[in-house]
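What follows is the content of model31.pdb (PDB, C-alpha atoms).
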```pdb
ATOM      1  CA  MET A  14     -14.019  47.635  -9.593  1.00  0.00           C
ATOM      2  CA  ALA A  15     -12.036  45.182  -7.489  1.00  0.00           C
ATOM      3  CA  ALA A  16     -13.268  41.632  -7.144  1.00  0.00           C
ATOM      4  CA  SER A  17     -14.498  40.853  -3.670  1.00  0.00           C
ATOM      5  CA  LEU A  18     -12.580  38.308  -1.686  1.00  0.00           C
ATOM      6  CA  PRO A  19     -14.388  35.283  -0.352  1.00  0.00           C
ATOM      7  CA  ARG A  20     -15.156  35.653   3.329  1.00  0.00           C
ATOM      8  CA  MET A  21     -16.416  33.545   6.181  1.00  0.00           C
ATOM      9  CA  THR A  22     -19.069  34.444   8.661  1.00  0.00           C
ATOM     10  CA  PRO A  23     -17.985  34.233  12.307  1.00  0.00           C
ATOM     11  CA  GLN A  24     -19.929  30.964  12.583  1.00  0.00           C
ATOM     12  CA  GLN A  25     -18.221  29.513   9.494  1.00  0.00           C
ATOM     13  CA  SER A  26     -14.817  30.671  10.717  1.00  0.00           C
ATOM     14  CA  ARG A  27     -15.333  29.059  14.143  1.00  0.00           C
ATOM     15  CA  ALA A  28     -16.431  25.751  12.581  1.00  0.00           C
ATOM     16  CA  TRP A  29     -13.636  25.762   9.998  1.00  0.00           C
ATOM     17  CA  LEU A  30     -10.911  26.546  12.538  1.00  0.00           C
ATOM     18  CA  ALA A  31     -12.172  23.816  14.879  1.00  0.00           C
ATOM     19  CA  LEU A  32     -12.245  21.285  12.035  1.00  0.00           C
ATOM     20  CA  ILE A  33      -8.887  22.150  10.489  1.00  0.00           C
ATOM     21  CA  SER A  34      -7.154  22.387  13.879  1.00  0.00           C
ATOM     22  CA  THR A  35      -8.512  18.955  14.820  1.00  0.00           C
ATOM     23  CA  ALA A  36      -7.443  17.584  11.437  1.00  0.00           C
ATOM     24  CA  GLU A  37      -3.901  18.822  12.107  1.00  0.00           C
ATOM     25  CA  LEU A  38      -3.551  17.914  15.791  1.00  0.00           C
ATOM     26  CA  LEU A  39      -5.345  14.570  16.016  1.00  0.00           C
ATOM     27  CA  PRO A  40      -3.172  12.583  13.555  1.00  0.00           C
ATOM     28  CA  ALA A  41      -0.010  13.735  15.337  1.00  0.00           C
ATOM     29  CA  ALA A  42      -1.410  12.677  18.720  1.00  0.00           C
ATOM     30  CA  LEU A  43      -2.490   9.278  17.377  1.00  0.00           C
ATOM     31  CA  ASP A  44       0.873   8.825  15.672  1.00  0.00           C
ATOM     32  CA  ALA A  45       2.786   9.635  18.871  1.00  0.00           C
ATOM     33  CA  GLN A  46       0.750   7.142  20.922  1.00  0.00           C
ATOM     34  CA  LEU A  47       1.092   4.337  18.378  1.00  0.00           C
ATOM     35  CA  GLN A  48       4.817   4.893  17.936  1.00  0.00           C
ATOM     36  CA  ARG A  49       5.374   4.955  21.691  1.00  0.00           C
ATOM     37  CA  ASP A  50       3.198   1.947  22.548  1.00  0.00           C
ATOM     38  CA  ALA A  51       3.328  -0.249  19.440  1.00  0.00           C
ATOM     39  CA  SER A  52       6.269   0.934  17.291  1.00  0.00           C
ATOM     40  CA  LEU A  53       3.818   1.739  14.494  1.00  0.00           C
ATOM     41  CA  THR A  54       2.933   4.962  12.776  1.00  0.00           C
ATOM     42  CA  HIS A  55      -0.730   5.852  12.448  1.00  0.00           C
ATOM     43  CA  TYR A  56      -0.504   5.193   8.709  1.00  0.00           C
ATOM     44  CA  GLU A  57       1.038   1.754   9.325  1.00  0.00           C
ATOM     45  CA  PHE A  58      -1.785   0.986  11.765  1.00  0.00           C
ATOM     46  CA  MET A  59      -4.367   2.058   9.159  1.00  0.00           C
ATOM     47  CA  LEU A  60      -2.679  -0.024   6.462  1.00  0.00           C
ATOM     48  CA  LEU A  61      -2.555  -3.124   8.688  1.00  0.00           C
ATOM     49  CA  SER A  62      -6.199  -2.555   9.681  1.00  0.00           C
ATOM     50  CA  VAL A  63      -7.291  -2.404   6.038  1.00  0.00           C
ATOM     51  CA  LEU A  64      -5.433  -5.638   5.266  1.00  0.00           C
ATOM     52  CA  GLN A  65      -6.982  -7.306   8.285  1.00  0.00           C
ATOM     53  CA  ARG A  66     -10.500  -6.275   7.202  1.00  0.00           C
ATOM     54  CA  THR A  67     -10.134  -7.090   3.518  1.00  0.00           C
ATOM     55  CA  GLY A  68      -7.630  -9.913   3.373  1.00  0.00           C
ATOM     56  CA  ALA A  69      -5.187  -9.975   0.480  1.00  0.00           C
ATOM     57  CA  MET A  70      -5.185  -6.992  -1.857  1.00  0.00           C
ATOM     58  CA  ARG A  71      -3.086  -5.356  -4.553  1.00  0.00           C
ATOM     59  CA  LEU A  72      -0.780  -2.492  -3.623  1.00  0.00           C
ATOM     60  CA  SER A  73      -2.672  -0.010  -5.800  1.00  0.00           C
ATOM     61  CA  ASP A  74      -5.948  -0.905  -4.066  1.00  0.00           C
ATOM     62  CA  LEU A  75      -4.304  -0.647  -0.652  1.00  0.00           C
ATOM     63  CA  ALA A  76      -2.894   2.783  -1.528  1.00  0.00           C
ATOM     64  CA  ALA A  77      -6.351   3.963  -2.630  1.00  0.00           C
ATOM     65  CA  ALA A  78      -8.024   2.528   0.480  1.00  0.00           C
ATOM     66  CA  THR A  79      -5.573   4.396   2.726  1.00  0.00           C
ATOM     67  CA  ASN A  80      -5.552   7.639   0.709  1.00  0.00           C
ATOM     68  CA  ALA A  81      -1.846   7.322  -0.081  1.00  0.00           C
ATOM     69  CA  THR A  82       0.219   7.670  -3.194  1.00  0.00           C
ATOM     70  CA  LEU A  83       1.503   4.435  -4.683  1.00  0.00           C
ATOM     71  CA  PRO A  84       5.147   5.292  -3.838  1.00  0.00           C
ATOM     72  CA  ARG A  85       4.273   6.041  -0.193  1.00  0.00           C
ATOM     73  CA  ALA A  86       2.247   2.839   0.202  1.00  0.00           C
ATOM     74  CA  SER A  87       5.009   0.823  -1.471  1.00  0.00           C
ATOM     75  CA  LYS A  88       7.668   2.237   0.828  1.00  0.00           C
ATOM     76  CA  VAL A  89       5.605   1.554   3.951  1.00  0.00           C
ATOM     77  CA  VAL A  90       4.704  -1.968   2.789  1.00  0.00           C
ATOM     78  CA  SER A  91       8.404  -2.695   2.184  1.00  0.00           C
ATOM     79  CA  ARG A  92       9.194  -1.519   5.712  1.00  0.00           C
ATOM     80  CA  LEU A  93       6.403  -3.642   7.156  1.00  0.00           C
ATOM     81  CA  GLN A  94       7.543  -6.618   5.099  1.00  0.00           C
ATOM     82  CA  GLN A  95      11.091  -6.270   6.469  1.00  0.00           C
ATOM     83  CA  ARG A  96       9.592  -6.335   9.977  1.00  0.00           C
ATOM     84  CA  GLY A  97       7.637  -9.506   9.133  1.00  0.00           C
ATOM     85  CA  LEU A  98       4.213  -7.873   9.424  1.00  0.00           C
ATOM     86  CA  VAL A  99       3.164  -8.082   5.749  1.00  0.00           C
ATOM     87  CA  GLN A 100       3.908 -10.566   3.003  1.00  0.00           C
ATOM     88  CA  ARG A 101       3.676 -10.436  -0.768  1.00  0.00           C
ATOM     89  CA  GLU A 102       2.264 -13.329  -2.778  1.00  0.00           C
ATOM     90  CA  GLU A 103       1.477 -13.934  -6.416  1.00  0.00           C
ATOM     91  CA  SER A 104      -2.201 -13.746  -7.283  1.00  0.00           C
ATOM     92  CA  GLU A 105      -3.760 -17.081  -8.217  1.00  0.00           C
ATOM     93  CA  HIS A 106      -5.981 -15.290 -10.757  1.00  0.00           C
ATOM     94  CA  ASP A 107      -3.388 -13.013 -12.363  1.00  0.00           C
ATOM     95  CA  ARG A 108       0.246 -14.100 -12.196  1.00  0.00           C
ATOM     96  CA  ARG A 109       1.327 -10.521 -12.955  1.00  0.00           C
ATOM     97  CA  SER A 110      -0.331  -9.217  -9.800  1.00  0.00           C
ATOM     98  CA  ILE A 111       1.227  -9.302  -6.374  1.00  0.00           C
ATOM     99  CA  LEU A 112      -1.129  -9.449  -3.414  1.00  0.00           C
ATOM    100  CA  LEU A 113      -0.340  -8.164   0.040  1.00  0.00           C
ATOM    101  CA  GLU A 114      -1.589  -9.731   3.224  1.00  0.00           C
ATOM    102  CA  LEU A 115      -0.962  -9.672   6.926  1.00  0.00           C
ATOM    103  CA  THR A 116       1.348 -12.241   8.409  1.00  0.00           C
ATOM    104  CA  ARG A 117       0.561 -13.946  11.677  1.00  0.00           C
ATOM    105  CA  GLN A 118       2.999 -11.532  13.331  1.00  0.00           C
ATOM    106  CA  GLY A 119       1.259  -8.581  11.621  1.00  0.00           C
ATOM    107  CA  ARG A 120      -2.104  -9.703  12.970  1.00  0.00           C
ATOM    108  CA  ARG A 121      -0.603 -10.076  16.435  1.00  0.00           C
ATOM    109  CA  GLN A 122       0.975  -6.601  16.273  1.00  0.00           C
ATOM    110  CA  LEU A 123      -2.357  -5.094  15.249  1.00  0.00           C
ATOM    111  CA  VAL A 124      -4.271  -6.916  17.990  1.00  0.00           C
ATOM    112  CA  LEU A 125      -1.760  -5.756  20.611  1.00  0.00           C
ATOM    113  CA  ALA A 126      -1.798  -2.146  19.358  1.00  0.00           C
ATOM    114  CA  THR A 127      -5.576  -1.768  19.189  1.00  0.00           C
ATOM    115  CA  PRO A 128      -6.561  -1.441  22.892  1.00  0.00           C
ATOM    116  CA  ASP A 129      -4.145   1.432  23.638  1.00  0.00           C
ATOM    117  CA  HIS A 130      -5.075   3.088  20.353  1.00  0.00           C
ATOM    118  CA  PHE A 131      -8.792   2.880  21.171  1.00  0.00           C
ATOM    119  CA  ASP A 132      -8.083   4.223  24.673  1.00  0.00           C
ATOM    120  CA  THR A 133      -6.387   7.233  23.063  1.00  0.00           C
ATOM    121  CA  VAL A 134      -9.279   7.754  20.636  1.00  0.00           C
ATOM    122  CA  HIS A 135     -11.700   7.651  23.552  1.00  0.00           C
ATOM    123  CA  ARG A 136      -9.626   9.999  25.725  1.00  0.00           C
ATOM    124  CA  LEU A 137      -9.009  12.579  23.001  1.00  0.00           C
ATOM    125  CA  VAL A 138     -12.307  12.502  21.117  1.00  0.00           C
ATOM    126  CA  LEU A 139     -15.133  10.171  22.072  1.00  0.00           C
ATOM    127  CA  ASP A 140     -15.141  10.827  25.822  1.00  0.00           C
ATOM    128  CA  GLN A 141     -15.033  14.589  25.226  1.00  0.00           C
ATOM    129  CA  LEU A 142     -18.473  14.507  23.616  1.00  0.00           C
ATOM    130  CA  SER A 143     -21.923  13.521  24.837  1.00  0.00           C
ATOM    131  CA  PRO A 144     -23.872  10.873  22.899  1.00  0.00           C
ATOM    132  CA  GLU A 145     -25.938  13.678  21.378  1.00  0.00           C
ATOM    133  CA  GLN A 146     -22.797  15.547  20.327  1.00  0.00           C
ATOM    134  CA  LEU A 147     -21.411  12.360  18.764  1.00  0.00           C
ATOM    135  CA  ASP A 148     -24.579  12.065  16.681  1.00  0.00           C
ATOM    136  CA  HIS A 149     -24.301  15.729  15.676  1.00  0.00           C
ATOM    137  CA  LEU A 150     -20.623  15.274  14.784  1.00  0.00           C
ATOM    138  CA  ALA A 151     -21.380  12.274  12.579  1.00  0.00           C
ATOM    139  CA  ASP A 152     -24.340  14.097  10.992  1.00  0.00           C
ATOM    140  CA  ALA A 153     -22.164  17.136  10.292  1.00  0.00           C
ATOM    141  CA  LEU A 154     -19.165  15.271   8.909  1.00  0.00           C
ATOM    142  CA  GLU A 155     -20.861  12.604   6.790  1.00  0.00           C
ATOM    143  CA  PRO A 156     -21.828  15.042   3.989  1.00  0.00           C
ATOM    144  CA  VAL A 157     -18.259  16.424   4.021  1.00  0.00           C
ATOM    145  CA  LEU A 158     -16.866  12.901   3.858  1.00  0.00           C
ATOM    146  CA  GLU A 159     -19.221  12.069   1.010  1.00  0.00           C
ATOM    147  CA  ALA A 160     -17.938  15.086  -0.934  1.00  0.00           C
ATOM    148  CA  LEU A 161     -14.309  14.128  -0.241  1.00  0.00           C
ATOM    149  CA  ASP A 162     -14.755  10.382  -0.820  1.00  0.00           C
ATOM    150  CA  PRO A 163     -17.699   9.822  -3.181  1.00  0.00           C
ATOM    151  CA  HIS A 164     -16.538   6.275  -4.000  1.00  0.00           C
ATOM    152  CA  GLN A 165     -16.313   5.391  -0.293  1.00  0.00           C
ATOM    153  CA  ARG A 166     -12.693   4.221  -0.522  1.00  0.00           C
ATOM    154  CA  PHE A 167     -12.566   4.444   3.257  1.00  0.00           C
ATOM    155  CA  GLY A 168     -15.630   2.237   3.508  1.00  0.00           C
ATOM    156  CA  VAL A 169     -17.508   4.754   5.615  1.00  0.00           C
ATOM    157  CA  PRO A 170     -21.061   4.990   4.310  1.00  0.00           C
ATOM    158  CA  GLY A 171     -22.893   8.266   4.523  1.00  0.00           C
ATOM    159  CA  ARG A 172     -26.329   8.576   6.021  1.00  0.00           C
TER
END
```
Just give me the structure of the file as structure tokens.
Amino acid sequence: MAASLPRMTPQQSRAWLALISTAELLPAALDAQLQRDASLTHYEFMLLSVLQRTGAMRLSDLAAATNATLPRASKVVSRLQQRGLVQREESEHDRRSILLELTRQGRRQLVLATPDHFDTVHRLVLDQLSPEQLDHLADALEPVLEALDPHQRFGVPGR
């Protein structure tokens, strides 16, 4: 007897295709806008945003907070450092640790990039949904996020 293949109901298929298509298309649209208007990738914007919120942090913690591998985060930080947006400093508590933080220019770049980025987020997502739909979206995605990020590395609390 052959093992049965997992299947989706039409409802599950519709929801899954909407979610996965959004997950594929939205980052590319955000990336294109940020590159065009601020000369930043979406990942660079996220990385700068995390540093702005948290202050100085170790590279390994920054990689975890942005869901990146250590090599990817290191490469991007080096690029941002060359552009004068991020600096590395020795930790006062542990001389073996290097801490990363935004420079004044990095803060300025982030502040200048944010309004156009938020406009894009509104145009593509938030303004497409009613307040009730936004609540339903958050209610639907929070349990998924909790399963994907149980330690809340992204700092987004569940319910």
Review point. By how many Å are atom CA of A:Ala42 and atom CA of A:Thr67 apart?
Key: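 Those two atoms sit 26.4 Å apart.
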**Study point:** Nearby residues (only C-alpha atoms) at most 8 Å from stretch 79-81 of chain A, same-chain spacing under 5 positions excluded, as number ranges by chain
**Key:** A: 56, 59-60, 63, 86, 166-167
Point to revise | Polymer residues at most 8 Å from A:Leu72, only C-alpha atoms, same-chain spacing of 5 or more positions, as number ranges by chain | key: A: 83, 86-87, 111-113
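Separating atom CA of A:Gln118 from atom CA of A:Leu98 is a distance of 5.5 Å.
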Point to revise | Atomic distance atom CA of A:Leu64 - atom CA of A:Pro156, expressed in Å with one decimal | key: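 Spanning atom CA of A:Leu64 to atom CA of A:Pro156 is a straight-line distance of 26.4 Å.
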Exercise for review: Considering only C-alpha atoms, state which residue in the set A:Arg49, A:Glu37, A:Met70, A:Ala78 is at the smallest distance from A:His164.
Suggested key: A:Ala78
Practice item. Give as JSON, numbers by chain the set of residues within 12 Å of the point (1.6, 5.1, 11.8), where distances use the file's coordinates and all atoms listed in the file. Key: {"A": [40, 41, 42, 43, 44, 45, 46, 47, 48, 49, 50, 51, 52, 53, 54, 55, 56, 57, 58, 59, 60, 61, 62, 79, 86, 89, 90, 92, 93, 123, 126, 130]}
**Study point:** Nearest to A:Arg101, chosen from A:Leu18, A:Ala69, A:Arg121, A:Leu158, with only C-alpha atoms counted in the distances
**Key:** A:Ala69
Exercise for review: With the file shown as input, list the residues that the PyMOL selection byres ((chain A and resi 137-152) around 10) selects, as a ChimeraX atom specification.
Suggested key: /A:35,39,42-43,131-136,153-158,171-172
Write out, as a compact mmCIF listing (two decimals), keeping the file's coordinate frame, the residues just selected, with C-alpha atoms.
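Dumped to selection.txt:
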```txt
# COMPACT_ATOMS: atom_id res chain seq x y z
CA THR A 35 -8.51 18.95 14.82
CA LEU A 39 -5.34 14.57 16.02
CA ALA A 42 -1.41 12.68 18.72
CA LEU A 43 -2.49 9.28 17.38
CA PHE A 131 -8.79 2.88 21.17
CA ASP A 132 -8.08 4.22 24.67
CA THR A 133 -6.39 7.23 23.06
CA VAL A 134 -9.28 7.75 20.64
CA HIS A 135 -11.70 7.65 23.55
CA ARG A 136 -9.63 10.00 25.72
CA ALA A 153 -22.16 17.14 10.29
CA LEU A 154 -19.16 15.27 8.91
CA GLU A 155 -20.86 12.60 6.79
CA PRO A 156 -21.83 15.04 3.99
CA VAL A 157 -18.26 16.42 4.02
CA LEU A 158 -16.87 12.90 3.86
CA GLY A 171 -22.89 8.27 4.52
CA ARG A 172 -26.33 8.58 6.02
```
